[in-house]
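Peer 1: So I've got this file, model_30.csv, and it contains CSV, C-alpha atoms:
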```
chain,number,residue,atom,x,y,z
P,1155,MET,CA,16.1,-0.8,27.6
P,1156,THR,CA,13.9,2.3,27.4
P,1157,GLU,CA,16.4,5.1,28.1
P,1158,GLN,CA,16.0,7.8,25.4
P,1159,GLN,CA,19.0,10.1,25.3
P,1160,LEU,CA,21.7,11.0,22.8
P,1161,SER,CA,25.4,11.0,23.3
P,1162,THR,CA,27.1,14.3,23.7
P,1163,GLU,CA,30.1,12.7,22.0
P,1164,GLY,CA,28.3,12.2,18.8
P,1165,ASP,CA,28.9,15.3,16.7
P,1166,SER,CA,32.6,14.8,15.7
P,1167,PRO,CA,33.0,11.2,14.5
P,1168,PRO,CA,36.4,10.0,13.5
P,1169,SER,CA,36.9,7.9,10.5
P,1170,ASP,CA,37.4,4.2,10.1
P,1171,PRO,CA,36.6,1.8,7.3
P,1172,ARG,CA,33.5,-0.4,7.7
P,1173,PRO,CA,33.0,-3.9,6.2
P,1174,SER,CA,30.5,-4.3,3.4
P,1175,ARG,CA,27.1,-5.4,4.5
P,1176,ARG,CA,25.4,-5.4,1.1
P,1177,GLY,CA,23.1,-8.4,0.5
P,1178,ARG,CA,23.0,-9.4,4.2
P,1179,LEU,CA,19.7,-8.0,5.2
P,1180,LEU,CA,17.8,-9.9,7.9
P,1181,THR,CA,15.4,-12.6,6.9
P,1182,PRO,CA,12.3,-13.8,8.7
P,1183,ARG,CA,14.3,-16.8,9.9
P,1184,THR,CA,17.3,-14.9,11.2
P,1185,LEU,CA,14.9,-12.5,12.9
P,1186,GLY,CA,13.1,-15.3,14.8
P,1187,ILE,CA,12.5,-13.4,18.0
P,1188,GLY,CA,11.1,-14.7,21.2
P,1189,SER,CA,7.7,-16.3,21.8
P,1190,ALA,CA,4.2,-15.2,22.3
P,1191,LEU,CA,5.0,-15.0,26.0
P,1192,ALA,CA,7.4,-12.2,25.2
P,1193,ALA,CA,4.9,-10.4,23.1
P,1194,THR,CA,2.4,-10.7,26.0
P,1195,ALA,CA,4.8,-9.2,28.5
P,1196,ALA,CA,5.4,-6.2,26.3
P,1197,ALA,CA,1.9,-5.6,25.1
P,1198,VAL,CA,1.0,-2.0,24.5
P,1199,ALA,CA,-2.2,0.1,24.8
P,1200,LEU,CA,-5.3,-1.0,23.0
P,1201,VAL,CA,-6.7,1.8,21.0
P,1202,PHE,CA,-5.3,3.7,18.1
P,1203,ALA,CA,-5.7,7.0,19.9
P,1204,THR,CA,-3.2,5.9,22.6
P,1205,GLN,CA,-0.6,4.7,20.2
P,1206,THR,CA,1.7,7.8,20.2
P,1207,ALA,CA,4.6,8.3,17.8
P,1208,VAL,CA,7.5,10.6,18.6
P,1209,GLN,CA,7.1,13.8,16.7
P,1210,ALA,CA,10.1,14.8,14.5
P,1211,THR,CA,11.2,17.9,16.4
P,1212,SER,CA,10.1,16.9,19.9
P,1213,SER,CA,12.4,16.2,22.8
P,1214,PRO,CA,10.2,13.9,24.8
P,1215,GLU,CA,10.9,13.6,28.5
P,1216,SER,CA,9.4,10.1,28.7
P,1217,PRO,CA,11.6,7.2,27.6
P,1218,ALA,CA,11.1,5.6,24.2
P,1219,SER,CA,8.7,2.8,24.0
P,1220,THR,CA,10.2,-0.6,24.7
P,1221,PRO,CA,10.2,-2.6,21.4
P,1222,ILE,CA,7.6,-5.3,21.5
P,1223,ALA,CA,9.0,-8.8,20.9
P,1224,ALA,CA,7.2,-10.0,17.8
P,1225,ASP,CA,7.6,-13.5,16.4
P,1226,SER,CA,4.9,-13.3,13.7
P,1227,THR,CA,7.6,-13.6,11.0
P,1228,ASP,CA,9.2,-16.6,12.7
P,1229,GLU,CA,8.6,-20.2,11.6
P,1230,ASP,CA,7.2,-21.0,15.1
P,1231,ALA,CA,4.8,-18.1,15.3
P,1232,PRO,CA,1.2,-18.9,16.2
P,1233,GLU,CA,0.0,-17.5,12.9
P,1234,LYS,CA,1.9,-20.2,11.1
P,1235,ALA,CA,0.8,-23.1,13.2
P,1236,THR,CA,-1.4,-25.8,11.8
P,1237,GLU,CA,-3.6,-25.7,15.0
P,1238,VAL,CA,-3.5,-23.9,18.3
P,1239,PRO,CA,-5.9,-25.3,20.9
P,1240,LYS,CA,-8.3,-23.1,22.8
P,1241,PRO,CA,-7.2,-22.6,26.4
P,1242,ALA,CA,-8.6,-25.3,28.7
P,1243,THR,CA,-9.8,-22.6,31.0
P,1244,VAL,CA,-11.0,-19.2,29.6
P,1245,ALA,CA,-10.0,-16.3,31.8
P,1246,ALA,CA,-12.5,-13.9,33.2
P,1247,ALA,CA,-13.2,-10.7,31.3
P,1248,TYR,CA,-10.9,-8.6,33.6
P,1249,ASP,CA,-8.1,-11.0,34.2
P,1250,GLY,CA,-4.6,-10.4,32.9
P,1251,LEU,CA,-3.2,-11.9,29.8
P,1252,THR,CA,-1.7,-15.4,29.6
P,1253,GLY,CA,0.7,-16.7,27.0
P,1254,THR,CA,-1.6,-19.5,26.1
P,1255,GLU,CA,-4.6,-17.3,25.2
P,1256,VAL,CA,-2.4,-14.9,23.3
P,1257,GLU,CA,-1.1,-17.7,21.1
P,1258,TYR,CA,-4.7,-18.9,20.6
P,1259,VAL,CA,-6.1,-15.5,19.5
P,1260,ARG,CA,-3.2,-14.9,17.2
P,1261,PHE,CA,-3.9,-18.2,15.5
P,1262,VAL,CA,-7.6,-17.4,15.3
P,1263,GLY,CA,-6.9,-14.0,13.9
P,1264,ALA,CA,-4.6,-15.5,11.2
P,1265,GLN,CA,-7.5,-17.5,9.9
P,1266,ASP,CA,-9.4,-14.3,9.1
P,1267,PRO,CA,-9.2,-13.3,5.4
P,1268,ALA,CA,-8.1,-9.8,6.4
P,1269,PHE,CA,-4.9,-11.3,7.9
P,1270,ALA,CA,-3.9,-13.2,4.8
P,1271,ALA,CA,-4.7,-10.2,2.5
P,1272,GLY,CA,-2.0,-8.1,4.2
P,1273,LYS,CA,1.8,-8.0,4.0
P,1274,ASP,CA,4.3,-8.2,6.8
P,1275,LEU,CA,7.6,-6.3,7.3
P,1276,PHE,CA,9.4,-8.6,4.8
P,1277,GLY,CA,6.7,-8.3,2.1
P,1278,GLU,CA,5.4,-11.8,2.8
P,1279,PRO,CA,1.7,-12.6,3.0
P,1280,GLY,CA,0.1,-11.9,6.4
P,1281,LEU,CA,-0.2,-8.9,8.6
P,1282,GLN,CA,2.8,-7.9,10.8
P,1283,PHE,CA,1.9,-8.7,14.4
P,1284,LEU,CA,2.5,-5.8,16.9
P,1285,SER,CA,0.9,-6.6,20.2
P,1286,THR,CA,-2.1,-8.1,22.1
P,1287,ASP,CA,-3.9,-6.8,25.1
P,1288,VAL,CA,-7.3,-7.3,26.9
P,1289,ALA,CA,-10.2,-5.6,25.1
P,1290,ASP,CA,-12.1,-3.2,27.4
P,1291,PRO,CA,-14.6,-5.4,29.2
P,1292,GLN,CA,-16.8,-2.3,29.9
P,1293,ALA,CA,-17.6,-2.1,26.2
P,1294,TYR,CA,-19.6,-5.4,26.5
P,1295,THR,CA,-22.3,-6.8,28.6
P,1296,ASP,CA,-22.1,-10.5,28.0
P,1297,GLY,CA,-19.0,-11.2,30.3
P,1298,HIS,CA,-17.1,-12.9,27.5
P,1299,ARG,CA,-13.3,-12.8,27.3
P,1300,ARG,CA,-12.0,-10.7,24.4
P,1301,LEU,CA,-8.5,-9.8,23.4
P,1302,LEU,CA,-7.5,-7.0,21.0
P,1303,SER,CA,-4.5,-7.5,18.7
P,1304,LEU,CA,-2.7,-4.8,16.7
P,1305,TYR,CA,-1.1,-5.5,13.4
P,1306,TYR,CA,0.5,-3.4,10.7
P,1307,ASP,CA,-0.3,-4.0,7.0
P,1308,TYR,CA,2.7,-3.0,4.9
P,1309,ALA,CA,0.7,-3.4,1.8
P,1310,THR,CA,-1.6,-0.5,2.6
P,1311,ASN,CA,0.3,1.3,5.4
P,1312,GLU,CA,-2.6,0.8,7.8
P,1313,THR,CA,-2.7,-0.2,11.5
P,1314,VAL,CA,-5.1,-3.1,11.9
P,1315,SER,CA,-7.1,-3.7,15.1
P,1316,MET,CA,-8.6,-7.2,15.5
P,1317,ILE,CA,-10.9,-8.3,18.4
P,1318,VAL,CA,-11.1,-12.0,19.1
P,1319,ASN,CA,-13.7,-13.5,21.4
P,1320,VAL,CA,-11.8,-16.1,23.4
P,1321,THR,CA,-14.9,-17.5,24.9
P,1322,ASN,CA,-16.4,-18.6,21.5
P,1323,GLY,CA,-13.3,-18.5,19.3
P,1324,ALA,CA,-14.6,-15.9,16.8
P,1325,VAL,CA,-13.1,-12.8,15.2
P,1326,GLU,CA,-15.6,-10.1,16.1
P,1327,SER,CA,-14.2,-7.1,14.4
P,1328,VAL,CA,-11.4,-5.9,12.1
P,1329,ASP,CA,-10.7,-2.2,11.9
P,1330,ARG,CA,-8.1,-0.2,10.0
P,1331,ALA,CA,-6.6,3.2,10.6
P,1332,THR,CA,-4.1,5.3,8.6
P,1333,GLY,CA,-1.7,7.7,10.0
P,1334,THR,CA,-1.5,5.7,13.3
P,1335,GLN,CA,2.0,4.5,14.2
P,1336,PRO,CA,2.3,2.2,17.2
P,1337,ALA,CA,5.7,1.6,18.8
P,1338,PRO,CA,8.0,-0.6,16.7
P,1339,THR,CA,8.5,-4.3,17.5
P,1340,ASP,CA,11.9,-6.0,18.0
P,1341,ALA,CA,11.7,-7.3,14.5
P,1342,GLU,CA,11.1,-3.8,13.0
P,1343,THR,CA,13.8,-2.3,15.2
P,1344,SER,CA,16.4,-4.9,14.2
P,1345,PHE,CA,15.5,-4.6,10.5
P,1346,ALA,CA,15.6,-0.8,10.6
P,1347,TRP,CA,19.1,-1.0,12.2
P,1348,GLU,CA,20.2,-3.4,9.5
P,1349,LEU,CA,18.9,-1.0,6.8
P,1350,LEU,CA,20.6,1.9,8.4
P,1351,LEU,CA,24.0,0.3,8.7
P,1352,ASP,CA,23.8,-0.9,5.1
P,1353,ASP,CA,23.4,2.6,3.8
P,1354,ASP,CA,26.4,4.7,2.9
P,1355,SER,CA,25.0,7.8,4.7
P,1356,ALA,CA,25.5,6.0,8.0
P,1357,GLN,CA,29.3,6.0,7.8
P,1358,PRO,CA,29.6,8.6,10.5
P,1359,VAL,CA,27.8,6.2,12.9
P,1360,VAL,CA,30.2,3.5,12.0
P,1361,ASP,CA,33.2,5.8,12.6
P,1362,GLU,CA,31.7,7.0,15.9
P,1363,PHE,CA,31.3,3.4,17.1
P,1364,ALA,CA,35.0,2.6,16.2
P,1365,ALA,CA,36.1,5.6,18.2
P,1366,LEU,CA,34.1,4.6,21.3
P,1367,THR,CA,35.3,0.9,21.1
P,1368,GLY,CA,38.9,1.2,20.2
P,1369,GLY,CA,38.5,0.4,16.5
P,1370,SER,CA,35.8,-2.3,16.6
P,1371,ALA,CA,33.8,-2.8,13.4
P,1372,LEU,CA,30.1,-2.0,13.8
P,1373,THR,CA,27.8,-4.7,12.5
P,1374,PRO,CA,24.0,-5.3,12.9
P,1375,THR,CA,24.8,-7.9,15.6
P,1376,SER,CA,27.5,-6.1,17.5
P,1377,ALA,CA,27.2,-7.3,21.1
P,1378,GLU,CA,28.2,-3.9,22.5
P,1379,VAL,CA,25.1,-2.2,21.1
P,1380,LEU,CA,21.7,-2.1,22.8
P,1381,LEU,CA,18.9,-1.0,20.5
P,1382,THR,CA,15.7,0.7,21.2
P,1383,ALA,CA,13.5,2.7,18.9
P,1384,HIS,CA,10.4,4.8,18.4
P,1385,SER,CA,8.0,5.3,15.6
P,1386,PHE,CA,8.6,8.6,13.8
P,1387,VAL,CA,6.0,11.0,12.5
P,1388,THR,CA,7.1,14.2,10.6
P,1389,ASP,CA,5.9,17.6,11.5
P,1390,ALA,CA,6.2,21.1,10.1
P,1391,GLY,CA,9.6,21.7,11.7
P,1392,SER,CA,11.3,18.8,10.2
P,1393,PHE,CA,12.7,18.2,6.7
P,1394,GLY,CA,13.6,15.0,4.8
P,1395,ALA,CA,11.0,12.6,6.1
P,1396,GLU,CA,7.8,14.1,4.9
P,1397,SER,CA,6.2,10.8,4.1
P,1398,CYS,CA,6.6,9.5,7.7
P,1399,GLY,CA,3.3,9.2,9.4
P,1400,VAL,CA,1.6,7.8,6.3
P,1401,ASP,CA,4.5,5.4,5.8
P,1402,ARG,CA,5.9,3.3,8.7
P,1403,CYS,CA,9.0,5.0,9.9
P,1404,VAL,CA,11.4,4.3,12.8
P,1405,GLN,CA,14.1,6.1,14.5
P,1406,VAL,CA,16.7,3.8,16.2
P,1407,LEU,CA,18.6,4.6,19.4
P,1408,ALA,CA,21.9,2.7,19.8
P,1409,GLN,CA,23.6,2.6,23.2
P,1410,VAL,CA,27.2,1.4,23.4
P,1411,ASP,CA,28.2,-0.7,26.4
P,1412,GLY,CA,25.6,0.8,28.6
P,1413,GLY,CA,27.1,4.3,28.1
P,1414,ALA,CA,27.1,6.7,25.2
P,1415,PHE,CA,24.5,6.7,22.5
P,1416,LEU,CA,25.6,6.8,18.9
P,1417,THR,CA,24.4,9.8,16.9
P,1418,THR,CA,21.4,8.4,15.1
P,1419,SER,CA,19.1,11.3,15.6
P,1420,THR,CA,19.7,12.6,12.1
P,1421,TYR,CA,18.4,9.4,10.5
P,1422,VAL,CA,15.0,7.9,10.0
P,1423,VAL,CA,14.4,4.6,8.4
P,1424,ASN,CA,11.2,4.3,6.3
P,1425,LEU,CA,10.2,0.6,6.7
P,1426,SER,CA,7.5,0.9,4.1
P,1427,THR,CA,10.0,1.9,1.4
P,1428,ARG,CA,13.2,0.5,3.0
P,1429,ALA,CA,14.8,3.9,2.6
P,1430,VAL,CA,17.2,5.6,5.0
P,1431,LEU,CA,16.3,9.3,5.3
P,1432,SER,CA,18.5,12.1,6.6
P,1433,ILE,CA,16.5,14.6,8.5
P,1434,SER,CA,17.0,18.2,9.7
```
Show me, as structure tokens, the structure contained in the file I just sent.
Peer 2:
Amino acid sequence: MTEQQLSTEGDSPPSDPRPSRRGRLLTPRTLGIGSALAATAAAVALVFATQTAVQATSSPESPASTPIAADSTDEDAPEKATEVPKPATVAAAYDGLTGTEVEYVRFVGAQDPAFAAGKDLFGEPGLQFLSTDVADPQAYTDGHRRLLSLYYDYATNETVSMIVNVTNGAVESVDRATGTQPAPTDAETSFAWELLLDDDSAQPVVDEFAALTGGSALTPTSAEVLLTAHSFVTDAGSFGAESCGVDRCVQVLAQVDGGAFLTTSTYVVNLSTRAVLSIS
């Protein structure tokens, strides 16, 4: 899931017509991904400073971040529930996460005015959920259980950090940061892939897939393709994606049948503007 490499076969794509995908962009319902338990298992680091995006011209040795399963845009997400009960037993400050408490703090966080004021990936009311983890117990002296959730506000292009006190059920802080790009979620990765394939500039990727699979048509749901992604921040050595870093941008990696990677390194998807950018 997290291998980050590019196919050596990806520079001379043959041609093959692709089916039209206009008007078939993913919806919140069709992207209903996983449960809060999945989000818990893939939770990322707490603080903004540790959320690292891949620089445009870098060749990182470490693998791309595993996309975080996010169901905040699904009908069954905790944020959309009428009520989520407090866990019967509150974990100790240093204990690991449980799915029950993650669901609870996501529900509590969604009741805060800051959540409703934001916009998610699809432009709908409510912040885009990214991840939840245990807030640093050393920052407090009362022994209470606190979780920290990260969200993205597509209305303002800000990463939002929310601390919920599980012990008393209160939102204790909401902080915002610009220019901070946590790893993309499954929902963001899937939507970026859909946008990329819907763009005419991605025809070489479609042709390359056909060559690797004996003529198969590439669609957003092709079973042969395994997707991973990283957030993308431009730097002085890259051209074509200058807004990335302020805007929420993603670079998708697409592996075919566990082998070669399609040549997607020349594309970046700006999720804030829904534009596909060619970079050099």
Peer 1: Need to verify the contact set: Pro1338 (chain P), 8 Å, only C-alpha atoms, exclusion of same-chain residues closer than 2 positions in sequence. Can you return it as a PyMOL selection string?
Peer 2: chain P and resi 1221-1222+1284+1336+1340-1343+1383-1385+1404
Peer 1: Counting all atoms listed in the file, what is within 9 Å of Asp1290 (chain P), bar same-chain residues fewer than 6 positions away, as a list in words?
Peer 2: Leu1200, Ala1247, Tyr1248, Arg1300, Leu1301 and Leu1302 of chain P
Peer 1: Between CA of Ala1270 (chain P) and CA of Gly1250 (chain P), what is the distance, to one decimal in Å?
Peer 2: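 According to the coordinates, CA of Ala1270 (chain P) and CA of Gly1250 (chain P) are separated by 28.2 Å.
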Peer 1: I'd like the neighbourhood of Thr1236 (chain P) as number ranges by chain, where a residue qualifies if any of its atoms comes within 12 Å (using all atoms listed in the file), though same-chain residues fewer than 5 positions away should be ignored.
Peer 2: P: 1229-1231, 1258, 1261-1262, 1264-1265
Peer 1: For each of P:Asn1322, P:Ser1303, P:Thr1375, P:Thr1310, take the minimum atom-to-atom distance to Phe1283 (chain P), counting only C-alpha atoms, then give the residue where this is smallest.
Peer 2: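 Looking at the shortest contact to Phe1283 (chain P), the residue is P:Ser1303.
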Peer 1: Between CA of Ala1408 (chain P) and CA of Glu1378 (chain P), what is the distance, to one decimal in Å?
Peer 2: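 Value for the CA of Ala1408 (chain P)-CA of Glu1378 (chain P) distance: 9.5 Å.
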Peer 1: Please measure the separation of CA of Ala1395 (chain P) and CA of Val1422 (chain P), giving the value in Å to one decimal.
Peer 2: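 Interatomic distance here is 7.3 Å.
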Peer 1: Using all atoms listed in the file, can you tell me which of P:Glu1255, P:Asp1361, P:Asp1249, P:Asp1307 comes closest to Asn1319 (chain P)?
Peer 2: P:Glu1255
Peer 1: Using all atoms listed in the file, pick whichever of P:Glu1362, P:Asp1389, P:Asp1329, P:Asp1354 has the shortest atom-to-atom distance to Val1314 (chain P).
Peer 2: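 Once distances to Val1314 (chain P) are computed over all atoms listed in the file, the minimum belongs to P:Asp1329.
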Peer 1: Can you tell me, as a list in words, which residues sit within 7 Å of (14.0, 16.0, 7.0) in the file's frame, using all atoms listed in the file?
Peer 2: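 With a cut-off of 7 Å, the residues come to Ser1392, Phe1393, Gly1394, Ala1395, Glu1396, Ser1432, Ile1433 and Ser1434 of chain P.
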Peer 1: Name all residues at most 7 Å from Arg1260 (chain P) (count only C-alpha atoms; drop same-chain ones fewer than 4 positions away) and give them as a VMD selection string.
Peer 2: chain P and resid 1232 to 1233 1256 1264
Peer 1: Of the candidates P:Thr1252, P:Leu1380, P:Leu1304, P:Thr1420, which one gets nearest to Ser1344 (chain P) if we count only C-alpha atoms?
Peer 2: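 Under the stated criterion, the closest residue is P:Leu1380.
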Peer 1: Compile the contact shell of Leu1351 (chain P) as a list in words: residues with an atom at most 8 Å away, counting all atoms listed in the file, same-chain residues fewer than 4 positions apart removed.
Peer 2: Arg1175, Trp1347, Ala1356, Gln1357, Val1360, Thr1373 and Pro1374 of chain P
Peer 1: Export, as a PDB file, in the coordinates of the input, the selected residues with C-alpha atoms.
Peer 2:
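Once written, again.pdb looks like this:
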```pdb
ATOM      1  CA  ARG P1175      27.100  -5.400   4.500  1.00  0.00           C
ATOM      2  CA  TRP P1347      19.100  -1.000  12.200  1.00  0.00           C
ATOM      3  CA  ALA P1356      25.500   6.000   8.000  1.00  0.00           C
ATOM      4  CA  GLN P1357      29.300   6.000   7.800  1.00  0.00           C
ATOM      5  CA  VAL P1360      30.200   3.500  12.000  1.00  0.00           C
ATOM      6  CA  THR P1373      27.800  -4.700  12.500  1.00  0.00           C
ATOM      7  CA  PRO P1374      24.000  -5.300  12.900  1.00  0.00           C
TER       8      PRO P1374
END
```
